[in-house]
Structure formats: structure tokens, C-alpha cells
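**Q** Structure file input.pdb, PDB, C-alpha atoms, is pasted below:
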```pdb
ATOM      1  CA  MET A   1     -78.695  52.478 -52.912
ATOM      2  CA  PRO A   2     -77.627  50.092 -55.695
ATOM      3  CA  GLY A   3     -73.957  49.194 -55.496
ATOM      4  CA  THR A   4     -73.652  49.721 -51.744
ATOM      5  CA  GLU A   5     -71.196  47.316 -50.128
ATOM      6  CA  LEU A   6     -72.754  45.450 -47.186
ATOM      7  CA  LEU A   7     -71.364  43.355 -44.358
ATOM      8  CA  LEU A   8     -73.538  40.294 -43.827
ATOM      9  CA  SER A   9     -73.822  37.624 -41.179
ATOM     10  CA  MET A  10     -75.228  34.203 -41.967
ATOM     11  CA  ASP A  11     -78.309  33.440 -39.894
ATOM     12  CA  GLY A  12     -79.764  30.470 -41.678
ATOM     13  CA  LYS A  13     -80.581  28.230 -38.724
ATOM     14  CA  SER A  14     -84.037  29.619 -37.966
ATOM     15  CA  GLU A  15     -86.888  28.026 -39.889
ATOM     16  CA  THR A  16     -88.933  31.220 -39.618
ATOM     17  CA  ARG A  17     -86.395  33.392 -41.454
ATOM     18  CA  LYS A  18     -87.028  34.275 -45.082
ATOM     19  CA  THR A  19     -83.352  35.061 -45.781
ATOM     20  CA  LEU A  20     -80.032  33.421 -44.928
ATOM     21  CA  TYR A  21     -78.264  36.666 -44.093
ATOM     22  CA  THR A  22     -78.615  39.718 -41.851
ATOM     23  CA  ALA A  23     -77.261  43.081 -43.035
ATOM     24  CA  VAL A  24     -74.967  44.150 -40.207
ATOM     25  CA  ALA A  25     -73.293  47.228 -41.695
ATOM     26  CA  ALA A  26     -73.044  49.237 -44.891
ATOM     27  CA  LYS A  27     -70.051  50.966 -46.396
ATOM     28  CA  ARG A  28     -70.375  54.619 -47.331
ATOM     29  CA  GLU A  29     -67.304  55.940 -49.049
ATOM     30  CA  ASP A  30     -64.539  54.720 -46.722
ATOM     31  CA  ILE A  31     -66.484  54.261 -43.470
ATOM     32  CA  LEU A  32     -68.650  51.483 -42.054
ATOM     33  CA  ILE A  33     -72.109  52.330 -40.739
ATOM     34  CA  LEU A  34     -73.653  49.930 -38.257
ATOM     35  CA  LEU A  35     -77.154  48.838 -39.309
ATOM     36  CA  HIS A  36     -77.806  46.000 -36.870
ATOM     37  CA  THR A  37     -79.812  47.688 -34.105
ATOM     38  CA  HIS A  38     -79.284  44.760 -31.712
ATOM     39  CA  MET A  39     -75.562  45.578 -31.687
ATOM     40  CA  THR A  40     -76.176  49.209 -30.728
ATOM     41  CA  ASN A  41     -76.775  48.441 -27.053
ATOM     42  CA  ASP A  42     -73.668  46.258 -26.935
ATOM     43  CA  ALA A  43     -71.685  49.189 -28.316
ATOM     44  CA  ALA A  44     -73.235  51.527 -25.723
ATOM     45  CA  ASP A  45     -72.410  49.026 -22.973
ATOM     46  CA  TRP A  46     -68.762  48.892 -24.084
ATOM     47  CA  LEU A  47     -68.504  52.703 -24.137
ATOM     48  CA  LEU A  48     -70.267  53.208 -20.805
ATOM     49  CA  ARG A  49     -68.070  50.703 -18.971
ATOM     50  CA  ARG A  50     -64.954  52.457 -20.229
ATOM     51  CA  GLY A  51     -66.114  55.980 -19.349
ATOM     52  CA  LYS A  52     -66.217  57.076 -22.983
ATOM     53  CA  VAL A  53     -69.657  58.696 -22.865
ATOM     54  CA  PRO A  54     -69.287  62.385 -21.947
ATOM     55  CA  GLY A  55     -71.829  63.363 -19.298
ATOM     56  CA  LEU A  56     -72.130  59.832 -17.920
ATOM     57  CA  GLU A  57     -68.655  59.397 -16.476
ATOM     58  CA  GLY A  58     -68.777  57.653 -13.120
ATOM     59  CA  TRP A  59     -72.169  56.069 -13.708
ATOM     60  CA  ARG A  60     -72.298  52.279 -13.328
ATOM     61  CA  ILE A  61     -74.518  49.936 -15.333
ATOM     62  CA  GLU A  62     -76.858  48.334 -12.834
ATOM     63  CA  LYS A  63     -79.085  46.552 -15.326
ATOM     64  CA  ARG A  64     -79.761  46.213 -19.028
ATOM     65  CA  GLU A  65     -83.345  46.037 -20.334
ATOM     66  CA  ALA A  66     -84.724  47.632 -17.176
ATOM     67  CA  SER A  67     -88.510  47.714 -16.776
ATOM     68  CA  LEU A  68     -90.408  50.579 -15.216
ATOM     69  CA  GLY A  69     -94.192  50.385 -15.217
ATOM     70  CA  ARG A  70     -95.273  49.281 -18.668
ATOM     71  CA  SER A  71     -92.091  50.507 -20.315
ATOM     72  CA  ARG A  72     -88.635  49.054 -20.680
ATOM     73  CA  PHE A  73     -85.471  51.091 -21.067
ATOM     74  CA  ASP A  74     -82.102  50.033 -22.398
ATOM     75  CA  PHE A  75     -80.074  50.707 -19.241
ATOM     76  CA  LEU A  76     -80.542  51.446 -15.574
ATOM     77  CA  MET A  77     -77.513  53.381 -14.321
ATOM     78  CA  GLU A  78     -76.370  54.025 -10.736
ATOM     79  CA  LYS A  79     -74.055  56.613  -9.210
ATOM     80  CA  GLU A  80     -73.663  57.387  -5.516
ATOM     81  CA  GLY A  81     -77.077  55.954  -4.747
ATOM     82  CA  LYS A  82     -78.821  57.820  -7.578
ATOM     83  CA  LYS A  83     -80.644  56.014 -10.398
ATOM     84  CA  LEU A  84     -80.790  57.025 -14.039
ATOM     85  CA  TYR A  85     -82.727  55.368 -16.852
ATOM     86  CA  LEU A  86     -80.977  55.538 -20.204
ATOM     87  CA  GLU A  87     -82.393  54.941 -23.669
ATOM     88  CA  VAL A  88     -80.050  54.332 -26.621
ATOM     89  CA  LYS A  89     -80.783  55.206 -30.248
ATOM     90  CA  SER A  90     -78.761  54.463 -33.371
ATOM     91  CA  CYS A  91     -78.359  57.325 -35.866
ATOM     92  CA  THR A  92     -77.397  56.373 -39.422
ATOM     93  CA  LEU A  93     -78.608  59.558 -41.152
ATOM     94  CA  PHE A  94     -75.930  62.227 -41.485
ATOM     95  CA  GLY A  95     -74.184  64.580 -43.850
ATOM     96  CA  SER A  96     -70.580  65.656 -43.463
ATOM     97  CA  ARG A  97     -71.460  68.068 -40.616
ATOM     98  CA  LEU A  98     -74.977  67.377 -39.326
ATOM     99  CA  ALA A  99     -76.509  64.103 -38.093
ATOM    100  CA  MET A 100     -80.262  63.642 -37.603
ATOM    101  CA  PHE A 101     -82.526  61.085 -35.908
ATOM    102  CA  PRO A 102     -84.914  59.414 -36.621
ATOM    103  CA  ASP A 103     -84.830  58.567 -40.338
ATOM    104  CA  ALA A 104     -88.432  57.286 -40.120
ATOM    105  CA  PRO A 105     -91.335  58.318 -37.840
ATOM    106  CA  SER A 106     -90.758  56.825 -34.371
ATOM    107  CA  VAL A 107     -93.780  56.720 -32.076
ATOM    108  CA  ARG A 108     -91.818  54.484 -29.694
ATOM    109  CA  GLY A 109     -88.919  56.951 -29.619
ATOM    110  CA  ARG A 110     -91.212  59.851 -28.727
ATOM    111  CA  LYS A 111     -92.890  57.768 -26.017
ATOM    112  CA  HIS A 112     -89.520  57.032 -24.418
ATOM    113  CA  VAL A 113     -88.511  60.693 -24.485
ATOM    114  CA  GLU A 114     -91.717  61.786 -22.782
ATOM    115  CA  GLU A 115     -91.539  59.045 -20.149
ATOM    116  CA  LEU A 116     -87.912  59.799 -19.300
ATOM    117  CA  ALA A 117     -88.616  63.520 -19.056
ATOM    118  CA  VAL A 118     -91.187  63.151 -16.254
ATOM    119  CA  MET A 119     -88.969  60.977 -14.079
ATOM    120  CA  GLU A 120     -87.585  62.471 -10.911
ATOM    121  CA  GLY A 121     -84.238  63.934 -11.897
ATOM    122  CA  GLY A 122     -84.972  63.259 -15.567
ATOM    123  CA  GLY A 123     -83.497  60.524 -17.715
ATOM    124  CA  ALA A 124     -80.917  60.328 -20.476
ATOM    125  CA  VAL A 125     -80.941  59.622 -24.204
ATOM    126  CA  LEU A 126     -77.729  58.413 -25.830
ATOM    127  CA  ILE A 127     -77.793  58.774 -29.610
ATOM    128  CA  LEU A 128     -74.967  56.809 -31.196
ATOM    129  CA  VAL A 129     -74.128  58.548 -34.472
ATOM    130  CA  GLN A 130     -72.472  55.904 -36.642
ATOM    131  CA  SER A 131     -69.716  58.201 -37.877
ATOM    132  CA  GLY A 132     -67.014  60.300 -36.292
ATOM    133  CA  ALA A 133     -67.304  63.046 -38.928
ATOM    134  CA  PRO A 134     -70.374  65.178 -37.987
ATOM    135  CA  ARG A 135     -70.018  67.934 -35.389
ATOM    136  CA  PHE A 136     -73.701  68.755 -34.987
ATOM    137  CA  PHE A 137     -76.925  66.876 -34.232
ATOM    138  CA  LEU A 138     -80.616  67.717 -34.522
ATOM    139  CA  PRO A 139     -83.812  65.675 -34.321
ATOM    140  CA  ASP A 140     -85.095  65.040 -37.839
ATOM    141  CA  PHE A 141     -88.011  67.463 -37.980
ATOM    142  CA  HIS A 142     -88.370  66.918 -41.756
ATOM    143  CA  THR A 143     -89.328  63.283 -41.150
ATOM    144  CA  ASP A 144     -90.785  63.168 -37.633
ATOM    145  CA  PRO A 145     -91.811  66.632 -36.387
ATOM    146  CA  LYS A 146     -93.591  65.146 -33.343
ATOM    147  CA  PHE A 147     -90.463  63.396 -32.076
ATOM    148  CA  ALA A 148     -88.398  66.516 -32.772
ATOM    149  CA  GLU A 149     -90.765  68.767 -30.848
ATOM    150  CA  SER A 150     -90.864  66.327 -27.932
ATOM    151  CA  LEU A 151     -87.060  66.256 -27.698
ATOM    152  CA  TYR A 152     -86.911  70.055 -27.975
ATOM    153  CA  LYS A 153     -89.640  70.610 -25.383
ATOM    154  CA  ASN A 154     -87.918  68.312 -22.880
ATOM    155  CA  ARG A 155     -84.319  69.346 -23.601
ATOM    156  CA  ASP A 156     -83.881  70.814 -20.104
ATOM    157  CA  ARG A 157     -85.294  67.726 -18.393
ATOM    158  CA  LEU A 158     -83.141  65.201 -20.239
ATOM    159  CA  GLU A 159     -79.463  64.539 -20.684
ATOM    160  CA  ILE A 160     -79.306  64.364 -24.492
ATOM    161  CA  ILE A 161     -75.989  62.921 -25.649
ATOM    162  CA  PRO A 162     -75.411  62.659 -29.408
ATOM    163  CA  LEU A 163     -72.131  60.747 -29.665
ATOM    164  CA  GLY A 164     -70.150  60.108 -32.821
ATOM    165  CA  VAL A 165     -68.420  56.709 -32.987
ATOM    166  CA  THR A 166     -66.115  55.084 -35.530
ATOM    167  CA  TRP A 167     -65.989  51.433 -36.610
ATOM    168  CA  SER A 168     -62.941  49.596 -37.919
ATOM    169  CA  GLU A 169     -62.896  47.322 -40.981
ATOM    170  CA  GLY A 170     -63.314  44.411 -38.570
ATOM    171  CA  LEU A 171     -66.422  46.105 -37.148
ATOM    172  CA  ALA A 172     -64.823  46.951 -33.806
ATOM    173  CA  LEU A 173     -65.269  50.288 -32.065
ATOM    174  CA  SER A 174     -62.212  52.490 -32.285
ATOM    175  CA  GLY A 175     -62.842  53.886 -28.802
ATOM    176  CA  GLU A 176     -62.637  57.440 -30.128
ATOM    177  CA  THR A 177     -65.843  59.395 -29.518
ATOM    178  CA  ARG A 178     -67.092  62.918 -30.114
ATOM    179  CA  ARG A 179     -70.032  64.563 -28.381
ATOM    180  CA  LEU A 180     -71.945  66.535 -30.975
ATOM    181  CA  GLU A 181     -73.296  70.035 -30.475
ATOM    182  CA  ILE A 182     -77.068  70.583 -30.736
ATOM    183  CA  PRO A 183     -77.795  73.874 -32.555
ATOM    184  CA  TRP A 184     -81.334  74.351 -31.270
ATOM    185  CA  GLU A 185     -81.441  77.774 -32.941
ATOM    186  CA  VAL A 186     -81.436  76.019 -36.338
ATOM    187  CA  TYR A 187     -84.410  73.932 -35.240
ATOM    188  CA  GLU A 188     -86.242  76.986 -33.887
ATOM    189  CA  LYS A 189     -85.736  78.822 -37.156
ATOM    190  CA  ASN A 190     -86.855  75.998 -39.430
ATOM    191  CA  ARG A 191     -89.355  73.800 -37.549
ATOM    192  CA  ALA A 192     -92.393  75.771 -38.768
ATOM    193  CA  CYS A 193     -90.893  76.604 -42.159
ATOM    194  CA  PRO A 194     -93.223  75.547 -45.030
ATOM    195  CA  GLY A 195     -90.063  74.705 -46.940
ATOM    196  CA  VAL A 196     -90.049  72.823 -50.219
ATOM    197  CA  THR A 197     -91.844  69.638 -51.236
ATOM    198  CA  ILE A 198     -90.060  67.320 -53.653
ATOM    199  CA  VAL A 199     -92.611  65.182 -55.461
ATOM    200  CA  THR A 200     -91.627  61.944 -57.179
ATOM    201  CA  GLY A 201     -93.757  59.692 -59.312
ATOM    202  CA  GLU A 202     -93.846  57.023 -61.992
ATOM    203  CA  ARG A 203     -96.145  56.590 -64.926
ATOM    204  CA  GLY A 204     -95.808  54.080 -67.712
ATOM    205  CA  GLY A 205     -92.316  53.108 -66.623
ATOM    206  CA  ARG A 206     -91.098  56.725 -66.587
ATOM    207  CA  PHE A 207     -89.779  58.062 -63.291
ATOM    208  CA  TRP A 208     -89.794  61.749 -62.546
ATOM    209  CA  ALA A 209     -89.459  64.408 -59.844
ATOM    210  CA  TYR A 210     -89.997  68.111 -59.299
ATOM    211  CA  ALA A 211     -89.940  70.582 -56.416
ATOM    212  CA  ALA A 212     -92.670  73.004 -55.297
ATOM    213  CA  ASP A 213     -92.670  75.654 -52.593
ATOM    214  CA  GLY A 214     -94.616  74.750 -49.456
ATOM    215  CA  LYS A 215     -96.821  71.711 -49.024
ATOM    216  CA  ARG A 216     -98.368  70.307 -52.184
ATOM    217  CA  PRO A 217    -100.568  67.244 -51.657
ATOM    218  CA  SER A 218    -100.491  64.974 -54.681
ATOM    219  CA  ALA A 219    -102.603  61.824 -54.628
ATOM    220  CA  GLY A 220    -100.648  58.654 -55.310
ATOM    221  CA  LEU A 221     -97.276  60.413 -55.415
ATOM    222  CA  LYS A 222     -94.395  60.378 -52.958
ATOM    223  CA  GLU A 223     -93.701  63.677 -51.209
ATOM    224  CA  ILE A 224     -90.426  64.528 -49.494
ATOM    225  CA  VAL A 225     -90.476  67.709 -47.403
ATOM    226  CA  VAL A 226     -87.378  69.859 -46.899
ATOM    227  CA  LYS A 227     -88.029  72.304 -44.034
ATOM    228  CA  SER A 228     -85.262  74.811 -44.625
ATOM    229  CA  ASP A 229     -85.327  78.551 -45.113
ATOM    230  CA  ARG A 230     -82.044  78.326 -47.038
ATOM    231  CA  VAL A 231     -83.421  76.691 -50.173
ATOM    232  CA  SER A 232     -86.217  77.359 -52.681
ATOM    233  CA  ALA A 233     -88.100  75.153 -55.108
ATOM    234  CA  GLY A 234     -86.388  76.965 -57.971
ATOM    235  CA  GLN A 235     -82.940  76.070 -56.658
ATOM    236  CA  ILE A 236     -83.829  72.404 -56.151
ATOM    237  CA  ASN A 237     -85.412  72.216 -59.619
ATOM    238  CA  ARG A 238     -82.170  73.517 -61.130
ATOM    239  CA  GLU A 239     -80.269  70.795 -59.262
ATOM    240  CA  LEU A 240     -82.808  68.190 -60.382
ATOM    241  CA  ALA A 241     -82.334  69.310 -63.970
ATOM    242  CA  ALA A 242     -78.584  68.733 -63.657
ATOM    243  CA  ALA A 243     -79.102  65.231 -62.202
ATOM    244  CA  ALA A 244     -81.955  64.114 -64.482
ATOM    245  CA  ASP A 245     -81.911  62.436 -67.880
ATOM    246  CA  GLY A 246     -84.369  64.903 -69.386
ATOM    247  CA  CYS A 247     -87.504  66.938 -68.694
ATOM    248  CA  GLY A 248     -91.150  66.918 -69.714
ATOM    249  CA  GLU A 249     -94.620  67.510 -68.305
ATOM    250  CA  GLU A 250     -96.530  65.432 -65.742
ATOM    251  CA  ASP A 251     -98.865  66.218 -62.864
ATOM    252  CA  GLY A 252     -99.838  69.482 -64.567
ATOM    253  CA  GLY A 253     -96.327  70.958 -64.712
ATOM    254  CA  LYS A 254     -92.669  70.581 -65.624
ATOM    255  CA  VAL A 255     -90.912  67.498 -64.299
ATOM    256  CA  PHE A 256     -87.465  65.948 -64.554
ATOM    257  CA  TYR A 257     -87.114  62.367 -65.799
ATOM    258  CA  PHE A 258     -84.872  59.678 -64.296
ATOM    259  CA  SER A 259     -83.970  56.245 -65.654
ATOM    260  CA  GLY A 260     -85.077  54.628 -62.378
ATOM    261  CA  PRO A 261     -86.600  55.581 -59.007
ATOM    262  CA  PRO A 262     -85.086  58.967 -58.042
ATOM    263  CA  LEU A 263     -84.331  57.827 -54.481
ATOM    264  CA  LYS A 264     -81.976  55.206 -55.957
ATOM    265  CA  ASN A 265     -80.136  57.836 -57.994
ATOM    266  CA  PRO A 266     -76.904  58.939 -56.236
ATOM    267  CA  ASP A 267     -77.152  62.559 -57.390
ATOM    268  CA  PHE A 268     -80.783  62.862 -56.277
ATOM    269  CA  ALA A 269     -79.992  61.259 -52.902
ATOM    270  CA  ALA A 270     -76.996  63.580 -52.435
ATOM    271  CA  LEU A 271     -78.976  66.770 -53.069
ATOM    272  CA  LEU A 272     -81.781  65.611 -50.782
ATOM    273  CA  LEU A 273     -79.353  64.726 -47.984
ATOM    274  CA  TYR A 274     -77.489  68.012 -48.312
ATOM    275  CA  HIS A 275     -80.554  70.251 -48.120
ATOM    276  CA  ARG A 276     -82.002  68.286 -45.189
ATOM    277  CA  THR A 277     -78.717  68.312 -43.236
ATOM    278  CA  ASP A 278     -75.587  70.335 -43.964
ATOM    279  CA  GLY A 279     -77.366  72.913 -46.115
ATOM    280  CA  MET A 280     -79.239  74.226 -43.069
ATOM    281  CA  LEU A 281     -75.917  74.924 -41.328
ATOM    282  CA  GLU A 282     -74.183  76.776 -44.122
ATOM    283  CA  GLY A 283     -72.583  79.824 -42.558
ATOM    284  CA  ASP A 284     -73.414  78.604 -39.010
ATOM    285  CA  GLY A 285     -70.347  77.476 -37.078
ATOM    286  CA  ASP A 286     -67.156  76.088 -38.565
TER     287      ASP A 286
END
```
Go through the file and emit its structure as C-alpha cells.

**A**
Amino acid sequence: MPGTELLLSMDGKSETRKTLYTAVAAKREDILILLHTHMTNDAADWLLRRGKVPGLEGWRIEKREASLGRSRFDFLMEKEGKKLYLEVKSCTLFGSRLAMFPDAPSVRGRKHVEELAVMEGGGAVLILVQSGAPRFFLPDFHTDPKFAESLYKNRDRLEIIPLGVTWSEGLALSGETRRLEIPWEVYEKNRACPGVTIVTGERGGRFWAYAADGKRPSAGLKEIVVKSDRVSAGQINRELAAAADGCGEEDGGKVFYFSGPPLKNPDFAALLLYHRTDGMLEGDGD
């Protein structure tokens, strides 16, 4: 998103790098969101050693980067002679109430879930949500329905721990954590929902978007699916009209024009995030 404040580290020593800097974190409103995935396991290590991961109190880190067969997991834990393989994921997609993972299709993530689930005694998945604000977590079935279904199917075989964490201005963990609730009933209600497809496109330097009920394949255009029974195409089109610079006709129907790519427009991004996250919870819980 243009204008986003980033925290960078200088990594200019490698001759194979194309850039001098690595984006370590991004600022969203008044909070820092960790982006550097290599730091996620260090954060998990710090929390585990201090007993700040609910459900894993008393477990000791035996090894990091533990191999089993052809796979490698982030941690091998031990407690009273028992072994537990733990995989850690970083979640940077969240509204004010609901966090979701992954934000892009993750074949590797689904593979880990399915391998952990068949282990004797099951395994564990720690999902570090990079904010202390959300209270709920769900797998992102809008983006990766296969991962979501795998996590849902194996929910009784795995210890699934979505954990909200908070970072200071100096990019240090506060030590305060919150285990998020998983409202599987919301997933069950919406996973097969045809929902709404938001279509975006560009022609001749003009950017536009519109919403249609259900799935609407459009060659050469970007489609963003919102699987929610709480919103209609008509409602999203009214919100697009309020965010857009004007309207016209493309792709055989009415569209709403933007001065640049819609996904880089704050109002467009906000409405998309809301309907894919918090909007599904409206009226559910407090």
C-alpha cells in the first residue's frame, strides 16, 4: 500500500542480492507487523522458553529445524519423555477482530498440516498473529480453500494455537500474548458459499472494479472471491461506488473507475479486508 511506513535492515554484503535492504516490519496505524519470516521462529523460541504459549506449557525445546523422513519441522519438543513436532506460521492478515492464514495459497503449509496430523499423538501448529487486537482466527478459505479444509479436517488430531503477539517500537516482543478462539461454525457456514466475486481490470490506463454474485470467470482479469453469506454483490457495488472516482461500462456491464490499481486504494483494501474478515463475524460473539 503506497505510503506504508517500513522498517528496513541493510543487507548489502551479498553479491547475489538485488537490493540493499530487507523489509523487516510494516507499520499499520500505530502497530508494527513483523514481515521477516526468518524472525518468526526466533520469536516462537523466545515465547516457548518462557512458557508464554498456552497449551505448550512445560514442553522443552529439544531441537530446532528437526527432520523427520523427507520433511523438516520448525521445532521438536519434549515433555516427560514424549515428543511433539511443532510447525510455526506467521499471520499478517487480520481485521480488528478476525485473523486469517494464509494470505496466499500454501501447498507447503497444507503438507505440514497433513504430515503432523498422522503422527502418533498428533503434532502442533503455532500461528503467530502479528497483532494483539484480534480475538478470533480462521484459516483463509477465501484464498486457500485446500489448506483451510485440511486444517478443519484435522482439527481434532492437531494442537492448533493461534497466538496474538505485540511488538514494541524497537521491534521487541512485549511478552503479552492472547490465544485466539477458532469459530469453526463460521467456517462451516461459509466454506461452500458461492459468495461474491470482485473483478478488477485495466484498459487503456483506466482501472476499474465491480462485484458479481457467485463465481464469474473473466479472461485476463483479476478475480477476488469473498465467501460470505453476509454480503451481496449489490452491497459491495454500493461500497465500490462510494470509493471510486466515477463509473462507466466495461466487460459488458457497469464498473467503477479508480485513479490507480484498486488494490492500492485504501478504501478498496479496507472494504475487501472487512468483508473477508470481521464482516463474517458481525453479530457472532463480542

**Q** Could you state the separation of CA of Asp140 (chain A) and CA of Asp156 (chain A) in Å, given to one decimal place?

**A**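 Those two atoms sit 18.7 Å apart.
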
**Q** Return the padded bounding box of region 242-246 of chain A as AutoDock Vina command-line options: axis-aligned, built from all atoms listed in the file, 5 Å added on each side, with centre and edge lengths in Å to one decimal.

**A**
```
--center_x -81.5 --center_y 65.6 --center_z -65.8 --size_x 15.8 --size_y 16.3 --size_z 17.2
```

**Q** When you look at Met1 (chain A) with a cut-off of 8 Å (counting all atoms listed in the file), what residues show up, excluding the ones that are within fewer than 5 positions of it in the same chain? I need them as a list in words.

**A**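 Near neighbours after the sequence-gap exclusion: Leu263, Lys264, Asn265 and Pro266 of chain A.
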
**Q** Using all atoms listed in the file, can you tell me which of A:Glu250, A:Glu188, A:Asp45, A:Glu239 comes closest to Glu202 (chain A)?

**A** A:Glu250

**Q** Of the candidates A:Arg155, A:His142, A:Arg178, A:Arg49, which shows the shortest atom-to-atom distance to His275 (chain A), using only C-alpha atoms?

**A**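 The closest residue to His275 (chain A) is A:His142.
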
**Q** Go through A:Met280, A:Cys247, A:Ala242, A:Val186 one by one, measure the shortest atom-to-atom distance of each to Trp208 (chain A) using only C-alpha atoms, and give the residue with the smallest value.

**A**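 Of A:Met280, A:Cys247, A:Ala242, A:Val186, the one nearest Trp208 (chain A), counting only C-alpha atoms, is A:Cys247.
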
**Q** Output the residue selection produced by the PyMOL selection byres ((chain A and resi 158) around 10) on the file above, formatted as an MDAnalysis selection string.

**A** chainID A and resid 86 113:114 116:119 121:125 151:157 159:161

**Q** So that I can see what lies close to Gly234 (chain A), please list as a list in words the residues with an atom at most 12 Å from it, counting all atoms listed in the file and leaving out residues fewer than 3 positions away in the same chain.

**A**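 Residues meeting the cut-off are Gly195, Val196, Thr197, Ile198, Tyr210, Ala211, Ala212, Asp213, Arg230, Val231, Asn237, Arg238, Glu239, Leu240, Ala241 and Lys254 of chain A.
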
**Q** Between A:Ile61, A:Val226, A:Leu6, A:Cys193, which residue has the minimum interatomic distance to Trp46 (chain A), considering all atoms listed in the file?

**A**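 Ranked by minimum distance to Trp46 (chain A), first place goes to A:Ile61.
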
**Q** Report the distance between CA of Leu8 (chain A) and CA of Gly175 (chain A) in Å, rounded to one decimal place.

**A**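 CA of Leu8 (chain A) sits 22.9 Å away from CA of Gly175 (chain A).
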
**Q** Might you pull out every residue within 12 Å of Asp30 (chain A), with all atoms listed in the file counted and same-chain residues fewer than 4 positions away left off, and present them as a list in words?

**A** Thr4, Glu5, Ala26, Ser131, Ala133, Thr166, Trp167, Ser168 and Glu169 of chain A

**Q** Missing atoms in region 54-76 of chain A: fill them in up to N, CA and C atoms and send the result as a PDB file, in the frame of the given file.

**A**
```
ATOM      1  N   PRO A  54     -69.318  61.114 -22.677  1.00  0.00           N
ATOM      2  CA  PRO A  54     -69.287  62.385 -21.947  1.00  0.00           C
ATOM      3  C   PRO A  54     -70.636  62.692 -21.307  1.00  0.00           C
ATOM      4  N   GLY A  55     -70.608  63.070 -20.031  1.00  0.00           N
ATOM      5  CA  GLY A  55     -71.829  63.363 -19.298  1.00  0.00           C
ATOM      6  C   GLY A  55     -72.280  62.205 -18.441  1.00  0.00           C
ATOM      7  N   LEU A  56     -71.749  61.005 -18.711  1.00  0.00           N
ATOM      8  CA  LEU A  56     -72.130  59.832 -17.920  1.00  0.00           C
ATOM      9  C   LEU A  56     -70.909  59.171 -17.277  1.00  0.00           C
ATOM     10  N   GLU A  57     -69.827  59.941 -17.154  1.00  0.00           N
ATOM     11  CA  GLU A  57     -68.655  59.397 -16.476  1.00  0.00           C
ATOM     12  C   GLU A  57     -69.004  59.112 -15.011  1.00  0.00           C
ATOM     13  N   GLY A  58     -68.544  57.998 -14.520  1.00  0.00           N
ATOM     14  CA  GLY A  58     -68.777  57.653 -13.120  1.00  0.00           C
ATOM     15  C   GLY A  58     -70.065  56.899 -12.867  1.00  0.00           C
ATOM     16  N   TRP A  59     -70.936  56.832 -13.865  1.00  0.00           N
ATOM     17  CA  TRP A  59     -72.169  56.069 -13.708  1.00  0.00           C
ATOM     18  C   TRP A  59     -71.887  54.596 -13.996  1.00  0.00           C
ATOM     19  N   ARG A  60     -72.484  53.721 -13.210  1.00  0.00           N
ATOM     20  CA  ARG A  60     -72.298  52.279 -13.328  1.00  0.00           C
ATOM     21  C   ARG A  60     -73.560  51.638 -13.899  1.00  0.00           C
ATOM     22  N   ILE A  61     -73.368  50.681 -14.797  1.00  0.00           N
ATOM     23  CA  ILE A  61     -74.518  49.936 -15.333  1.00  0.00           C
ATOM     24  C   ILE A  61     -75.031  48.993 -14.263  1.00  0.00           C
ATOM     25  N   GLU A  62     -76.252  49.229 -13.815  1.00  0.00           N
ATOM     26  CA  GLU A  62     -76.858  48.334 -12.834  1.00  0.00           C
ATOM     27  C   GLU A  62     -77.622  47.218 -13.522  1.00  0.00           C
ATOM     28  N   LYS A  63     -78.273  47.563 -14.640  1.00  0.00           N
ATOM     29  CA  LYS A  63     -79.085  46.552 -15.326  1.00  0.00           C
ATOM     30  C   LYS A  63     -79.327  46.972 -16.766  1.00  0.00           C
ATOM     31  N   ARG A  64     -79.336  45.990 -17.650  1.00  0.00           N
ATOM     32  CA  ARG A  64     -79.761  46.213 -19.028  1.00  0.00           C
ATOM     33  C   ARG A  64     -81.205  45.746 -19.186  1.00  0.00           C
ATOM     34  N   GLU A  65     -81.927  46.366 -20.114  1.00  0.00           N
ATOM     35  CA  GLU A  65     -83.345  46.037 -20.334  1.00  0.00           C
ATOM     36  C   GLU A  65     -84.111  46.176 -19.018  1.00  0.00           C
ATOM     37  N   ALA A  66     -84.103  47.376 -18.478  1.00  0.00           N
ATOM     38  CA  ALA A  66     -84.724  47.632 -17.176  1.00  0.00           C
ATOM     39  C   ALA A  66     -86.168  48.074 -17.359  1.00  0.00           C
ATOM     40  N   SER A  67     -87.089  47.398 -16.680  1.00  0.00           N
ATOM     41  CA  SER A  67     -88.510  47.714 -16.776  1.00  0.00           C
ATOM     42  C   SER A  67     -88.908  48.744 -15.726  1.00  0.00           C
ATOM     43  N   LEU A  68     -89.824  49.605 -16.133  1.00  0.00           N
ATOM     44  CA  LEU A  68     -90.408  50.579 -15.216  1.00  0.00           C
ATOM     45  C   LEU A  68     -91.845  50.788 -15.657  1.00  0.00           C
ATOM     46  N   GLY A  69     -92.793  50.334 -14.815  1.00  0.00           N
ATOM     47  CA  GLY A  69     -94.192  50.385 -15.217  1.00  0.00           C
ATOM     48  C   GLY A  69     -94.405  49.491 -16.426  1.00  0.00           C
ATOM     49  N   ARG A  70     -95.035  50.050 -17.455  1.00  0.00           N
ATOM     50  CA  ARG A  70     -95.273  49.281 -18.668  1.00  0.00           C
ATOM     51  C   ARG A  70     -94.176  49.471 -19.706  1.00  0.00           C
ATOM     52  N   SER A  71     -93.160  50.230 -19.359  1.00  0.00           N
ATOM     53  CA  SER A  71     -92.091  50.507 -20.315  1.00  0.00           C
ATOM     54  C   SER A  71     -90.808  49.791 -19.933  1.00  0.00           C
ATOM     55  N   ARG A  72     -89.934  49.662 -20.909  1.00  0.00           N
ATOM     56  CA  ARG A  72     -88.635  49.054 -20.680  1.00  0.00           C
ATOM     57  C   ARG A  72     -87.581  49.941 -21.328  1.00  0.00           C
ATOM     58  N   PHE A  73     -86.526  50.228 -20.575  1.00  0.00           N
ATOM     59  CA  PHE A  73     -85.471  51.091 -21.067  1.00  0.00           C
ATOM     60  C   PHE A  73     -84.184  50.296 -21.216  1.00  0.00           C
ATOM     61  N   ASP A  74     -83.289  50.797 -22.035  1.00  0.00           N
ATOM     62  CA  ASP A  74     -82.102  50.033 -22.398  1.00  0.00           C
ATOM     63  C   ASP A  74     -81.153  49.806 -21.220  1.00  0.00           C
ATOM     64  N   PHE A  75     -80.995  50.825 -20.365  1.00  0.00           N
ATOM     65  CA  PHE A  75     -80.074  50.707 -19.241  1.00  0.00           C
ATOM     66  C   PHE A  75     -80.647  51.386 -17.999  1.00  0.00           C
ATOM     67  N   LEU A  76     -80.349  50.782 -16.854  1.00  0.00           N
ATOM     68  CA  LEU A  76     -80.542  51.446 -15.574  1.00  0.00           C
ATOM     69  C   LEU A  76     -79.153  51.703 -15.017  1.00  0.00           C
TER      70      LEU A  76
END
```
